[in-house]
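Okay, structure first, notes after.
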Amino acid sequence: MILHELLSYEFLRVVWWLLLGVLLIGFAVTDGFDMGVGALIPFVGKTDVERRVAINTVGPVWEGNQVWFILGGGAIFAAWPPLYAVSFSGFYLAMFVVLAAFIVRPVAFKYRSKRDDASWRNAWDWALFASGAVPALLFGVAVGNVIQGVPFHFTDDLHSIYEGAWYTKFIGLLDPFSLLAGVVSLTMLLMHGAVWLTVKAEGTVQARARAIGSVAALAAVFAYAAAGLWLAYGIEGFRIVGEYATNGPSNPLHFEVERTASWLTAYQDRPWIAVAPALGLGCGLLTFLGLRAGREVSTLIFSKLSILGVIASVGLTMFPFIMPSSSDPKSSLTVWNSSSSHLTLFIMLVCTVIFMPIILAYTTWVYKVLWGKVTENDVTEHSHSVY
């Protein structure tokens, strides 16, 4: 027996669907608070020292947290090539904006305190705000578009065609439901960033973060609930028609797909997945209560669990769809028709089993070493060695 055949093709496809979700959640709960803190800097810090305190709560870890984003992109490229091709062509301008924001962020971190000039530093602070808020919003907008279906189709030779002119590939993303999904993402990461500041800062910065985070937590809960109601009563879903092979070749055109009344029929077929939205809503409320009560570490855990629930609810609700097509449903990408080969998924899984524990161990060690609060005295006494 060939080694990779020890694990079935169907099993490997599901495993890589789960791993993709793990990578996205890992990115959201780590780099998510970096983006949240960046977006909050002009509001939690009124003086230069206060803003530097906020910056230095994420300064030592933000680069490592971006590893999850790189791993997620790599996993899409290697495990789900059609998804990579369609998403990077259809969302090209939005991704360019996100990457531009990610380029601005390290420049802002490095240059911000190089000159003792108020205008200079204020400009970089707003650059940090944009580099945190814009990606947080656009990630949610992208999810909102995927839920509704993306206007693409495949030709007979599996060449992907994305409908519309180049400028509509960005403007067309900004429909009302997708903007609401963007609000969910933005407020969720603002909440997460504020919770991180309450854990890592103290004094005035901590108090402002707690107040802003409480508002953001409630806004995230209500926006997520509103998006759920809209999804239930205003957004059509997709389903595969008839019999289909879960271990067959990766060819989207071999599947017959049609629109359905609602995505939420998934909860009738798999009632257990209701745990995900319950986690998103319940832990979001617990985060609000924790912020109001002044609790720190437990509130951070609740914030992470809320993000986990929100992201997991999207994947579990849509399964087995990864990117449905609104213009040609039969071109929709699913777990069963858009993966790499059996051998490729197996080799990638072996590499993941070897290297993922190393990444997790190293990340845990880094957070342990760097644990503790950033104070105003730390910033003033080490002014030339911190951000």
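In the structure tokens, each chain is lettered A, B, ... as it comes, each chain's residues begin at 1, and ligands are numbered from 1 in order of appearance.
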Select from segment 75-194 of chain A every residue with an atom at most 12 Å from any atom of segment 265-281 of chain A, then for each give the shortest pair of atoms and their distance in Å to one decimal, using only C-alpha atoms, rows by chain and rising number, as a Markdown table.
```
| residue | atom | partner | partner_atom | distance |
| --- | --- | --- | --- | --- |
| A:Val184 | CA | A:Gly280 | CA | 11.1 |
| A:Ser185 | CA | A:Gly280 | CA | 12.0 |
| A:Met188 | CA | A:Gly280 | CA | 10.0 |
```
Listing only residues of segment 178-243 of chain A within 12 Å of segment 288-312 of chain A, what is the closest atom pair and its distance in Å (to one decimal) for each, using only C-alpha atoms, sorted by chain and residue number ascending, as JSON lines?
```
{"residue": "A:Ala181", "atom": "CA", "partner": "A:Val310", "partner_atom": "CA", "distance": 10.8}
{"residue": "A:Val184", "atom": "CA", "partner": "A:Val310", "partner_atom": "CA", "distance": 9.1}
{"residue": "A:Ser185", "atom": "CA", "partner": "A:Ile307", "partner_atom": "CA", "distance": 9.0}
{"residue": "A:Leu186", "atom": "CA", "partner": "A:Ile307", "partner_atom": "CA", "distance": 11.5}
{"residue": "A:Thr187", "atom": "CA", "partner": "A:Ile307", "partner_atom": "CA", "distance": 10.9}
{"residue": "A:Met188", "atom": "CA", "partner": "A:Ile307", "partner_atom": "CA", "distance": 7.2}
{"residue": "A:Leu189", "atom": "CA", "partner": "A:Ile307", "partner_atom": "CA", "distance": 8.4}
{"residue": "A:Leu190", "atom": "CA", "partner": "A:Ser303", "partner_atom": "CA", "distance": 10.6}
{"residue": "A:Met191", "atom": "CA", "partner": "A:Ser303", "partner_atom": "CA", "distance": 7.5}
{"residue": "A:His192", "atom": "CA", "partner": "A:Ser303", "partner_atom": "CA", "distance": 5.9}
{"residue": "A:Gly193", "atom": "CA", "partner": "A:Ser303", "partner_atom": "CA", "distance": 9.5}
{"residue": "A:Ala194", "atom": "CA", "partner": "A:Leu291", "partner_atom": "CA", "distance": 9.1}
{"residue": "A:Val195", "atom": "CA", "partner": "A:Leu300", "partner_atom": "CA", "distance": 5.8}
{"residue": "A:Trp196", "atom": "CA", "partner": "A:Leu300", "partner_atom": "CA", "distance": 6.7}
{"residue": "A:Leu197", "atom": "CA", "partner": "A:Glu296", "partner_atom": "CA", "distance": 9.4}
{"residue": "A:Thr198", "atom": "CA", "partner": "A:Glu296", "partner_atom": "CA", "distance": 6.3}
{"residue": "A:Val199", "atom": "CA", "partner": "A:Glu296", "partner_atom": "CA", "distance": 5.3}
{"residue": "A:Lys200", "atom": "CA", "partner": "A:Glu296", "partner_atom": "CA", "distance": 9.0}
{"residue": "A:Ala201", "atom": "CA", "partner": "A:Glu296", "partner_atom": "CA", "distance": 10.5}
{"residue": "A:Glu202", "atom": "CA", "partner": "A:Glu296", "partner_atom": "CA", "distance": 11.1}
{"residue": "A:Gln206", "atom": "CA", "partner": "A:Gly294", "partner_atom": "CA", "distance": 9.8}
{"residue": "A:Ala207", "atom": "CA", "partner": "A:Gly294", "partner_atom": "CA", "distance": 9.2}
{"residue": "A:Arg208", "atom": "CA", "partner": "A:Leu291", "partner_atom": "CA", "distance": 11.0}
{"residue": "A:Ala209", "atom": "CA", "partner": "A:Leu291", "partner_atom": "CA", "distance": 9.1}
{"residue": "A:Arg210", "atom": "CA", "partner": "A:Leu291", "partner_atom": "CA", "distance": 5.7}
{"residue": "A:Ala211", "atom": "CA", "partner": "A:Leu291", "partner_atom": "CA", "distance": 7.8}
{"residue": "A:Ile212", "atom": "CA", "partner": "A:Leu291", "partner_atom": "CA", "distance": 9.6}
{"residue": "A:Gly213", "atom": "CA", "partner": "A:Leu291", "partner_atom": "CA", "distance": 7.2}
{"residue": "A:Ser214", "atom": "CA", "partner": "A:Phe288", "partner_atom": "CA", "distance": 5.1}
{"residue": "A:Val215", "atom": "CA", "partner": "A:Phe288", "partner_atom": "CA", "distance": 7.9}
{"residue": "A:Ala216", "atom": "CA", "partner": "A:Phe288", "partner_atom": "CA", "distance": 8.5}
{"residue": "A:Ala217", "atom": "CA", "partner": "A:Phe288", "partner_atom": "CA", "distance": 5.5}
{"residue": "A:Leu218", "atom": "CA", "partner": "A:Phe288", "partner_atom": "CA", "distance": 6.6}
{"residue": "A:Ala219", "atom": "CA", "partner": "A:Phe288", "partner_atom": "CA", "distance": 10.0}
{"residue": "A:Ala220", "atom": "CA", "partner": "A:Ser306", "partner_atom": "CA", "distance": 9.8}
{"residue": "A:Val221", "atom": "CA", "partner": "A:Ser306", "partner_atom": "CA", "distance": 9.3}
{"residue": "A:Ala223", "atom": "CA", "partner": "A:Val310", "partner_atom": "CA", "distance": 11.3}
{"residue": "A:Tyr224", "atom": "CA", "partner": "A:Val310", "partner_atom": "CA", "distance": 7.9}
{"residue": "A:Ala225", "atom": "CA", "partner": "A:Val310", "partner_atom": "CA", "distance": 10.4}
{"residue": "A:Ala227", "atom": "CA", "partner": "A:Val310", "partner_atom": "CA", "distance": 11.0}
{"residue": "A:Gly228", "atom": "CA", "partner": "A:Val310", "partner_atom": "CA", "distance": 10.4}
```
If you run DSSP on the backbone, which residues of segment 18-186 of chain A are helix (DSSP H, G or I), as a PyMOL selection string?
chain A and resi 18-44+48-58+62-65+67-79+81-90+92-111+118-148+168-171+176-186
Can you work out which one of A:Ile147, A:Phe96, A:Leu345, A:Tyr362 has the shortest atom-to-atom distance to Leu316 of chain A, counting only C-alpha atoms?
A:Ile147
Please identify all polymer residues within 10 Å of Glu256 of chain A, counting only C-alpha atoms, omitting same-chain residues fewer than 2 positions from it, and present them as number ranges by chain.
A: 239-244, 252-254, 258, 329-332
Take the residues from that selection and write them out as an mmCIF file, in the first residue's frame, keeping N, CA, C and O atoms.
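Produced file selection19.cif, reproduced below:
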```cif
data_model
loop_
_atom_site.group_PDB
_atom_site.id
_atom_site.type_symbol
_atom_site.label_atom_id
_atom_site.label_comp_id
_atom_site.auth_asym_id
_atom_site.auth_seq_id
_atom_site.Cartn_x
_atom_site.Cartn_y
_atom_site.Cartn_z
ATOM 1 N N ARG A 239 -26.857 24.630 -2.095
ATOM 2 C CA ARG A 239 -26.769 23.221 -1.730
ATOM 3 C C ARG A 239 -26.415 22.407 -2.962
ATOM 4 O O ARG A 239 -26.709 22.791 -4.104
ATOM 5 N N ILE A 240 -25.730 21.275 -2.705
ATOM 6 C CA ILE A 240 -25.364 20.363 -3.786
ATOM 7 C C ILE A 240 -26.563 19.475 -4.088
ATOM 8 O O ILE A 240 -27.194 18.926 -3.181
ATOM 9 N N VAL A 241 -26.878 19.329 -5.361
ATOM 10 C CA VAL A 241 -28.049 18.568 -5.789
ATOM 11 C C VAL A 241 -27.638 17.138 -6.122
ATOM 12 O O VAL A 241 -26.644 16.903 -6.828
ATOM 13 N N GLY A 242 -28.399 16.175 -5.646
ATOM 14 C CA GLY A 242 -28.198 14.779 -6.027
ATOM 15 C C GLY A 242 -26.980 14.145 -5.379
ATOM 16 O O GLY A 242 -26.378 14.664 -4.435
ATOM 17 N N GLU A 243 -26.595 12.998 -5.914
ATOM 18 C CA GLU A 243 -25.446 12.258 -5.395
ATOM 19 C C GLU A 243 -24.145 12.895 -5.860
ATOM 20 O O GLU A 243 -24.051 13.421 -6.965
ATOM 21 N N TYR A 244 -23.142 12.829 -5.007
ATOM 22 C CA TYR A 244 -21.834 13.369 -5.389
ATOM 23 C C TYR A 244 -20.748 12.606 -4.643
ATOM 24 O O TYR A 244 -20.984 12.027 -3.577
ATOM 25 N N PRO A 252 -14.851 21.484 -10.122
ATOM 26 C CA PRO A 252 -16.120 22.086 -9.711
ATOM 27 C C PRO A 252 -17.268 21.814 -10.674
ATOM 28 O O PRO A 252 -18.429 21.744 -10.254
ATOM 29 N N LEU A 253 -16.960 21.655 -11.950
ATOM 30 C CA LEU A 253 -18.023 21.500 -12.937
ATOM 31 C C LEU A 253 -18.662 20.111 -12.893
ATOM 32 O O LEU A 253 -19.631 19.855 -13.604
ATOM 33 N N HIS A 254 -18.134 19.199 -12.075
ATOM 34 C CA HIS A 254 -18.739 17.878 -11.923
ATOM 35 C C HIS A 254 -19.895 17.872 -10.936
ATOM 36 O O HIS A 254 -20.550 16.858 -10.743
ATOM 37 N N GLU A 258 -27.506 24.352 -6.536
ATOM 38 C CA GLU A 258 -28.634 25.266 -6.703
ATOM 39 C C GLU A 258 -28.764 26.173 -5.479
ATOM 40 O O GLU A 258 -28.227 25.876 -4.411
ATOM 41 N N PRO A 329 -23.897 28.914 -10.101
ATOM 42 C CA PRO A 329 -23.782 28.062 -8.912
ATOM 43 C C PRO A 329 -23.014 26.765 -9.139
ATOM 44 O O PRO A 329 -22.343 26.282 -8.219
ATOM 45 N N LYS A 330 -23.067 26.190 -10.343
ATOM 46 C CA LYS A 330 -22.378 24.916 -10.556
ATOM 47 C C LYS A 330 -20.852 25.074 -10.529
ATOM 48 O O LYS A 330 -20.128 24.085 -10.435
ATOM 49 N N SER A 331 -20.375 26.328 -10.615
ATOM 50 C CA SER A 331 -18.939 26.586 -10.506
ATOM 51 C C SER A 331 -18.486 26.756 -9.058
ATOM 52 O O SER A 331 -17.305 27.004 -8.800
ATOM 53 N N SER A 332 -19.408 26.624 -8.107
ATOM 54 C CA SER A 332 -19.084 26.848 -6.699
ATOM 55 C C SER A 332 -17.980 25.912 -6.219
ATOM 56 O O SER A 332 -17.923 24.744 -6.608
#
```
For Val86 of chain A: contacts at 9 Å, only C-alpha atoms, fewer than 5 positions along chain excluded, given as a count of residues only
7
Quick one: residues within 10 Å of Met95 of chain A, only C-alpha atoms counted, chain neighbours fewer than 4 positions away excluded, as JSON, numbers by chain?
{"A": [87, 88, 89, 90, 91, 99, 100, 101, 135, 138, 139, 142, 170]}
Restricting the calculation to only C-alpha atoms, which member of A:Ser341, A:Asn56, A:Ser178, A:Gln148 is positioned closest to Ser8 of chain A?
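Counting only C-alpha atoms, the residue closest to Ser8 of chain A is A:Ser341.
Checking A:Ser131, A:Thr155, A:Asn65, A:Thr260 one by one against Gly234 of chain A, counting only C-alpha atoms, you find the shortest gap at A:Thr260.
Proximity ranking of A:Asn145, A:Thr352, A:Thr317, A:Gln66 relative to Pro176 of chain A places A:Asn145 first, based on only C-alpha atoms.
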One number please: atom CA of Gly182 of chain A to atom CA of Arg13 of chain A, in Å, one decimal.
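Computing the Euclidean distance for atom CA of Gly182 of chain A and atom CA of Arg13 of chain A yields 28.6 Å.
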Contact residues around Val369 of chain A with only C-alpha atoms at 12 Å, ignoring same-chain residues under 5 positions, as JSON, numbers by chain
{"A": [60, 61, 362, 363, 364]}
As an exercise, work out the distance from atom CA of Ser338 of chain A to atom CA of Ile322 of chain A in Å and give it to one decimal place.
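Atom CA of Ile322 of chain A lies at a distance of 8.8 Å from atom CA of Ser338 of chain A.
The residue that comes closest to Thr57 of chain A, out of A:Gly248, A:Phe11, A:Trp16, A:Val37 and on the basis of only C-alpha atoms, is A:Val37.
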What does the structure give for the distance between atom CA of Gly72 of chain A and atom CA of Asp34 of chain A, in Å to one decimal?
17.2 Å
